[in-house]
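Printed here is entry.pdb (PDB, C-alpha atoms, pLDDT in the B column):
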```pdb
ATOM      1  CA  MET A 459       0.000   0.000   0.000  1.00 71.00           C
ATOM      2  CA  PRO A 460       1.208   3.504  -0.741  1.00 80.00           C
ATOM      3  CA  VAL A 461       2.288   5.795   2.079  1.00 85.00           C
ATOM      4  CA  ASP A 462       0.772   9.283   1.984  1.00 87.00           C
ATOM      5  CA  GLU A 463       2.231  12.231   3.881  1.00 91.00           C
ATOM      6  CA  TYR A 464       0.086  14.901   5.486  1.00 92.00           C
ATOM      7  CA  GLU A 465       0.791  18.187   7.269  1.00 93.00           C
ATOM      8  CA  CYS A 466      -1.341  19.788   9.961  1.00 93.00           C
ATOM      9  CA  PRO A 467      -0.820  23.566  10.118  1.00 91.00           C
ATOM     10  CA  ALA A 468      -2.663  23.805  13.474  1.00 90.00           C
ATOM     11  CA  CYS A 469      -0.273  21.579  15.455  1.00 91.00           C
ATOM     12  CA  GLU A 470       2.611  21.808  12.891  1.00 89.00           C
ATOM     13  CA  LYS A 471       2.850  18.037  12.708  1.00 90.00           C
ATOM     14  CA  ILE A 472       3.865  16.048   9.627  1.00 90.00           C
ATOM     15  CA  PHE A 473       2.726  12.413   9.610  1.00 90.00           C
ATOM     16  CA  GLU A 474       2.450   9.420   7.282  1.00 89.00           C
ATOM     17  CA  VAL A 475      -0.555   7.183   6.703  1.00 90.00           C
ATOM     18  CA  GLN A 476      -0.777   3.929   4.730  1.00 90.00           C
ATOM     19  CA  GLN A 477      -3.826   4.190   2.495  1.00 86.00           C
ATOM     20  CA  ARG A 478      -5.253   2.314  -0.448  1.00 89.00           C
ATOM     21  CA  MET A 479      -5.435   4.141  -3.746  1.00 85.00           C
ATOM     22  CA  SER A 480      -9.241   3.951  -3.559  1.00 90.00           C
ATOM     23  CA  ASP A 481      -9.409   5.530  -0.046  1.00 89.00           C
ATOM     24  CA  ASP A 482     -10.394   9.177   0.315  1.00 89.00           C
ATOM     25  CA  PRO A 483      -7.610  11.510   1.490  1.00 89.00           C
ATOM     26  CA  LEU A 484      -7.618  12.496   5.171  1.00 89.00           C
ATOM     27  CA  SER A 485      -9.267  15.772   6.081  1.00 91.00           C
ATOM     28  CA  GLN A 486      -8.565  15.934   9.825  1.00 91.00           C
ATOM     29  CA  CYS A 487      -5.448  15.555  11.971  1.00 92.00           C
ATOM     30  CA  PRO A 488      -5.627  12.458  14.198  1.00 88.00           C
ATOM     31  CA  ASP A 489      -4.118  14.428  17.142  1.00 88.00           C
ATOM     32  CA  CYS A 490      -5.777  17.866  17.162  1.00 91.00           C
ATOM     33  CA  GLU A 491      -8.564  17.247  14.588  1.00 89.00           C
ATOM     34  CA  GLY A 492      -7.460  20.331  12.638  1.00 91.00           C
ATOM     35  CA  PRO A 493      -7.538  20.461   8.828  1.00 93.00           C
ATOM     36  CA  VAL A 494      -4.667  18.701   7.024  1.00 94.00           C
ATOM     37  CA  THR A 495      -3.080  19.072   3.599  1.00 92.00           C
ATOM     38  CA  LYS A 496      -1.524  16.277   1.607  1.00 90.00           C
ATOM     39  CA  ILE A 497       2.211  16.688   0.943  1.00 89.00           C
ATOM     40  CA  MET A 498       4.011  15.596  -2.215  1.00 84.00           C
ATOM     41  CA  SER A 499       7.191  14.026  -0.892  1.00 74.00           C
ATOM     42  CA  ARG A 500      10.386  13.002  -2.648  1.00 72.00           C
ATOM     43  CA  SER A 501      10.781   9.469  -3.848  1.00 69.00           C
ATOM     44  CA  SER A 502      13.801   7.427  -2.799  1.00 70.00           C
ATOM     45  CA  PHE A 503      13.768   5.630  -6.186  1.00 70.00           C
ATOM     46  CA  GLN A 504      16.287   6.986  -8.709  1.00 68.00           C
ATOM     47  CA  LEU A 505      17.413   5.886 -12.142  1.00 69.00           C
ATOM     48  CA  LYS A 506      21.047   6.660 -12.830  1.00 70.00           C
ATOM     49  CA  GLY A 507      23.444   5.855 -15.638  1.00 66.00           C
ATOM     50  CA  GLY A 508      22.868   4.980 -19.263  1.00 61.00           C
ATOM     51  CA  GLY A 509      19.538   3.271 -18.740  1.00 59.00           C
ATOM     52  CA  TRP A 510      18.536  -0.045 -17.268  1.00 58.00           C
ATOM     53  CA  TYR A 511      17.429  -1.566 -20.560  1.00 55.00           C
ATOM     54  CA  ALA A 512      20.602  -0.827 -22.502  1.00 51.00           C
ATOM     55  CA  ASP A 513      22.957  -1.782 -19.655  1.00 50.00           C
ATOM     56  CA  GLY A 514      22.250  -5.467 -19.365  1.00 53.00           C
ATOM     57  CA  TYR A 515      18.651  -6.417 -18.738  1.00 54.00           C
ATOM     58  CA  SER A 516      17.933  -6.953 -22.410  1.00 53.00           C
ATOM     59  CA  SER A 517      18.444 -10.348 -24.005  1.00 57.00           C
ATOM     60  CA  ALA A 518      19.477  -8.723 -27.296  1.00 58.00           C
ATOM     61  CA  LYS A 519      23.023  -7.467 -27.546  1.00 60.00           C
ATOM     62  CA  PRO A 520      23.855  -4.395 -29.615  1.00 60.00           C
ATOM     63  CA  ALA A 521      25.529  -4.967 -32.974  1.00 58.00           C
ATOM     64  CA  THR A 522      29.219  -4.109 -33.319  1.00 63.00           C
ATOM     65  CA  LYS A 523      30.561  -1.914 -36.123  1.00 66.00           C
ATOM     66  CA  LYS A 524      31.810  -4.975 -38.026  1.00 67.00           C
ATOM     67  CA  GLU A 525      28.433  -6.697 -37.772  1.00 65.00           C
ATOM     68  CA  SER A 526      26.650  -3.531 -38.931  1.00 63.00           C
ATOM     69  CA  ALA A 527      28.969  -3.198 -41.938  1.00 66.00           C
ATOM     70  CA  ALA A 528      28.408  -6.866 -42.829  1.00 67.00           C
ATOM     71  CA  GLN A 529      24.641  -6.371 -42.700  1.00 66.00           C
ATOM     72  CA  ILE A 530      24.886  -3.369 -45.051  1.00 65.00           C
ATOM     73  CA  LYS A 531      27.074  -5.275 -47.531  1.00 67.00           C
ATOM     74  CA  SER A 532      24.760  -8.314 -47.537  1.00 67.00           C
ATOM     75  CA  ALA A 533      21.608  -6.194 -47.963  1.00 65.00           C
ATOM     76  CA  PRO A 534      19.952  -6.209 -51.408  1.00 66.00           C
ATOM     77  CA  PRO A 535      20.991  -3.269 -53.599  1.00 64.00           C
ATOM     78  CA  CYS A 536      18.942  -0.096 -53.384  1.00 64.00           C
ATOM     79  CA  LYS A 537      16.915   1.040 -56.354  1.00 63.00           C
ATOM     80  CA  THR A 538      17.627   4.688 -55.670  1.00 59.00           C
ATOM     81  CA  SER A 539      20.240   6.755 -57.418  1.00 56.00           C
ATOM     82  CA  GLY A 540      23.725   7.199 -55.975  1.00 57.00           C
ATOM     83  CA  SER A 541      22.426   9.175 -52.957  1.00 60.00           C
ATOM     84  CA  CYS A 542      21.884   6.042 -50.846  1.00 62.00           C
ATOM     85  CA  PRO A 543      24.351   5.706 -47.920  1.00 60.00           C
ATOM     86  CA  CYS A 544      24.639   1.932 -48.358  1.00 56.00           C
ATOM     87  CA  ALA A 545      25.903   2.380 -51.934  1.00 54.00           C
ATOM     88  CA  ALA A 546      29.049   4.038 -50.551  1.00 55.00           C
ATOM     89  CA  ALA A 547      29.508   1.264 -47.942  1.00 54.00           C
ATOM     90  CA  SER A 548      29.302  -1.575 -50.470  1.00 50.00           C
ATOM     91  CA  SER A 549      31.994  -0.151 -52.747  1.00 52.00           C
TER      92      SER A 549
END
```

Structure re-expressed in structure tokens:
Amino acid sequence: MPVDEYECPACEKIFEVQQRMSDDPLSQCPDCEGPVTKIMSRSSFQLKGGGWYADGYSSAKPATKKESAAQIKSAPPCKTSGSCPCAAASS
């Protein structure tokens, strides 16, 4: 269950409550019964680096330069004029 954070301006207390997503937000402080406001708190979850998918959780490995060049050379010839980039690679 998610943990929601609330602040009571009357007693200056900040508290956390475990609530279901379907539950209504709190409107009163459990201590002084004053009005409360919901706080948007920071998450402890962070993504760092080049990306989780590209760094090793994928079953597909990226092609090397040699493999990429071999794929271009083995590709069928283009029907365009000499402006195609693979025409330069196959020569």

**Prompt:** Counting all atoms listed in the file, what is within 9 Å of Asp462 (chain A), bar same-chain residues fewer than 6 positions away, as JSON, numbers by chain?
**Reply:** {"A": [473, 474, 475, 476, 477, 483, 496, 497, 498, 499]}

Written selection (C-alpha atoms) as a PDB file, in the coordinates of the input:
```
ATOM      1  CA  PHE A 473       2.726  12.413   9.610  1.00 90.00           C
ATOM      2  CA  GLU A 474       2.450   9.420   7.282  1.00 89.00           C
ATOM      3  CA  VAL A 475      -0.555   7.183   6.703  1.00 90.00           C
ATOM      4  CA  GLN A 476      -0.777   3.929   4.730  1.00 90.00           C
ATOM      5  CA  GLN A 477      -3.826   4.190   2.495  1.00 86.00           C
ATOM      6  CA  PRO A 483      -7.610  11.510   1.490  1.00 89.00           C
ATOM      7  CA  LYS A 496      -1.524  16.277   1.607  1.00 90.00           C
ATOM      8  CA  ILE A 497       2.211  16.688   0.943  1.00 89.00           C
ATOM      9  CA  MET A 498       4.011  15.596  -2.215  1.00 84.00           C
ATOM     10  CA  SER A 499       7.191  14.026  -0.892  1.00 74.00           C
TER      11      SER A 499
END
```

**Request:** Write out as a ChimeraX atom specification the residues lying within 7 Å of Val494 (chain A), counting all atoms listed in the file and excluding same-chain residues fewer than 6 positions away.
**Result:** /A:464-467,485-487

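CA of Arg500 (chain A) lies 21.6 Å from CA of Ser480 (chain A).
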
**Asked** Expressed in Å to a single decimal, how great is the separation between CA of Met479 (chain A) and CA of Pro493 (chain A)?
**Response** 20.7 Å

**Request:** Please indicate the distance in Å from CA of Glu463 (chain A) to CA of Thr495 (chain A), rounded to one decimal place.
**Result:** 8.7 Å

Rebuild region 460-496 of chain A to N, CA and C atoms - output it as a CSV table (one decimal), in the coordinates of the input, please.
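Result written to part18.csv:
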```
chain,number,residue,atom,x,y,z
A,460,PRO,N,0.4,2.3,-0.7
A,460,PRO,CA,1.2,3.5,-0.7
A,460,PRO,C,1.2,4.2,0.6
A,461,VAL,N,2.2,5.0,0.9
A,461,VAL,CA,2.3,5.8,2.1
A,461,VAL,C,2.1,7.2,1.7
A,462,ASP,N,1.1,7.9,2.2
A,462,ASP,CA,0.8,9.3,2.0
A,462,ASP,C,1.2,10.1,3.2
A,463,GLU,N,1.7,11.3,2.9
A,463,GLU,CA,2.2,12.2,3.9
A,463,GLU,C,1.3,13.4,4.0
A,464,TYR,N,1.0,13.8,5.2
A,464,TYR,CA,0.1,14.9,5.5
A,464,TYR,C,0.8,15.9,6.4
A,465,GLU,N,0.3,17.1,6.4
A,465,GLU,CA,0.8,18.2,7.3
A,465,GLU,C,-0.4,18.9,7.9
A,466,CYS,N,-0.3,19.1,9.2
A,466,CYS,CA,-1.3,19.8,10.0
A,466,CYS,C,-0.8,21.2,10.3
A,467,PRO,N,-1.3,22.2,9.8
A,467,PRO,CA,-0.8,23.6,10.1
A,467,PRO,C,-1.2,24.0,11.5
A,468,ALA,N,-2.2,23.4,12.1
A,468,ALA,CA,-2.7,23.8,13.5
A,468,ALA,C,-1.6,23.4,14.5
A,469,CYS,N,-1.2,22.1,14.5
A,469,CYS,CA,-0.3,21.6,15.5
A,469,CYS,C,1.1,21.4,14.9
A,470,GLU,N,1.3,21.8,13.6
A,470,GLU,CA,2.6,21.8,12.9
A,470,GLU,C,3.2,20.4,12.9
A,471,LYS,N,2.4,19.4,12.7
A,471,LYS,CA,2.8,18.0,12.7
A,471,LYS,C,2.8,17.5,11.3
A,472,ILE,N,3.8,16.7,10.9
A,472,ILE,CA,3.9,16.0,9.6
A,472,ILE,C,3.8,14.6,9.9
A,473,PHE,N,2.9,13.8,9.3
A,473,PHE,CA,2.7,12.4,9.6
A,473,PHE,C,2.4,11.6,8.3
A,474,GLU,N,2.7,10.3,8.4
A,474,GLU,CA,2.4,9.4,7.3
A,474,GLU,C,1.3,8.5,7.6
A,475,VAL,N,0.6,8.1,6.6
A,475,VAL,CA,-0.6,7.2,6.7
A,475,VAL,C,-0.5,6.2,5.5
A,476,GLN,N,-0.7,4.9,5.8
A,476,GLN,CA,-0.8,3.9,4.7
A,476,GLN,C,-2.2,3.9,4.3
A,477,GLN,N,-2.5,4.2,3.0
A,477,GLN,CA,-3.8,4.2,2.5
A,477,GLN,C,-3.9,3.5,1.2
A,478,ARG,N,-5.0,2.9,0.9
A,478,ARG,CA,-5.3,2.3,-0.4
A,478,ARG,C,-5.5,3.4,-1.4
A,479,MET,N,-5.2,3.1,-2.7
A,479,MET,CA,-5.4,4.1,-3.7
A,479,MET,C,-6.9,4.6,-3.8
A,480,SER,N,-7.8,3.7,-3.5
A,480,SER,CA,-9.2,4.0,-3.6
A,480,SER,C,-9.8,4.7,-2.3
A,481,ASP,N,-9.0,4.8,-1.3
A,481,ASP,CA,-9.4,5.5,0.0
A,481,ASP,C,-9.4,7.0,-0.3
A,482,ASP,N,-10.3,7.7,0.4
A,482,ASP,CA,-10.4,9.2,0.3
A,482,ASP,C,-9.2,9.7,1.1
A,483,PRO,N,-8.7,10.9,0.7
A,483,PRO,CA,-7.6,11.5,1.5
A,483,PRO,C,-8.1,12.0,2.9
A,484,LEU,N,-7.2,12.0,3.8
A,484,LEU,CA,-7.6,12.5,5.2
A,484,LEU,C,-8.0,14.0,5.1
A,485,SER,N,-8.9,14.4,6.0
A,485,SER,CA,-9.3,15.8,6.1
A,485,SER,C,-9.0,16.4,7.5
A,486,GLN,N,-8.8,15.5,8.5
A,486,GLN,CA,-8.6,15.9,9.8
A,486,GLN,C,-7.3,15.3,10.4
A,487,CYS,N,-6.6,16.0,11.3
A,487,CYS,CA,-5.4,15.6,12.0
A,487,CYS,C,-5.9,14.6,13.0
A,488,PRO,N,-5.2,13.4,13.2
A,488,PRO,CA,-5.6,12.5,14.2
A,488,PRO,C,-5.3,13.0,15.6
A,489,ASP,N,-4.5,13.9,15.8
A,489,ASP,CA,-4.1,14.4,17.1
A,489,ASP,C,-5.0,15.6,17.6
A,490,CYS,N,-5.0,16.7,16.8
A,490,CYS,CA,-5.8,17.9,17.2
A,490,CYS,C,-7.1,18.1,16.4
A,491,GLU,N,-7.4,17.2,15.4
A,491,GLU,CA,-8.6,17.2,14.6
A,491,GLU,C,-8.6,18.5,13.7
A,492,GLY,N,-7.5,19.2,13.5
A,492,GLY,CA,-7.5,20.3,12.6
A,492,GLY,C,-7.4,19.9,11.2
A,493,PRO,N,-7.6,20.8,10.2
A,493,PRO,CA,-7.5,20.5,8.8
A,493,PRO,C,-6.1,20.1,8.4
A,494,VAL,N,-6.0,19.1,7.5
A,494,VAL,CA,-4.7,18.7,7.0
A,494,VAL,C,-4.6,18.9,5.5
A,495,THR,N,-3.3,19.0,5.0
A,495,THR,CA,-3.1,19.1,3.6
A,495,THR,C,-2.1,17.9,3.2
A,496,LYS,N,-2.4,17.4,2.1
A,496,LYS,CA,-1.5,16.3,1.6
A,496,LYS,C,-0.2,16.9,1.0
```
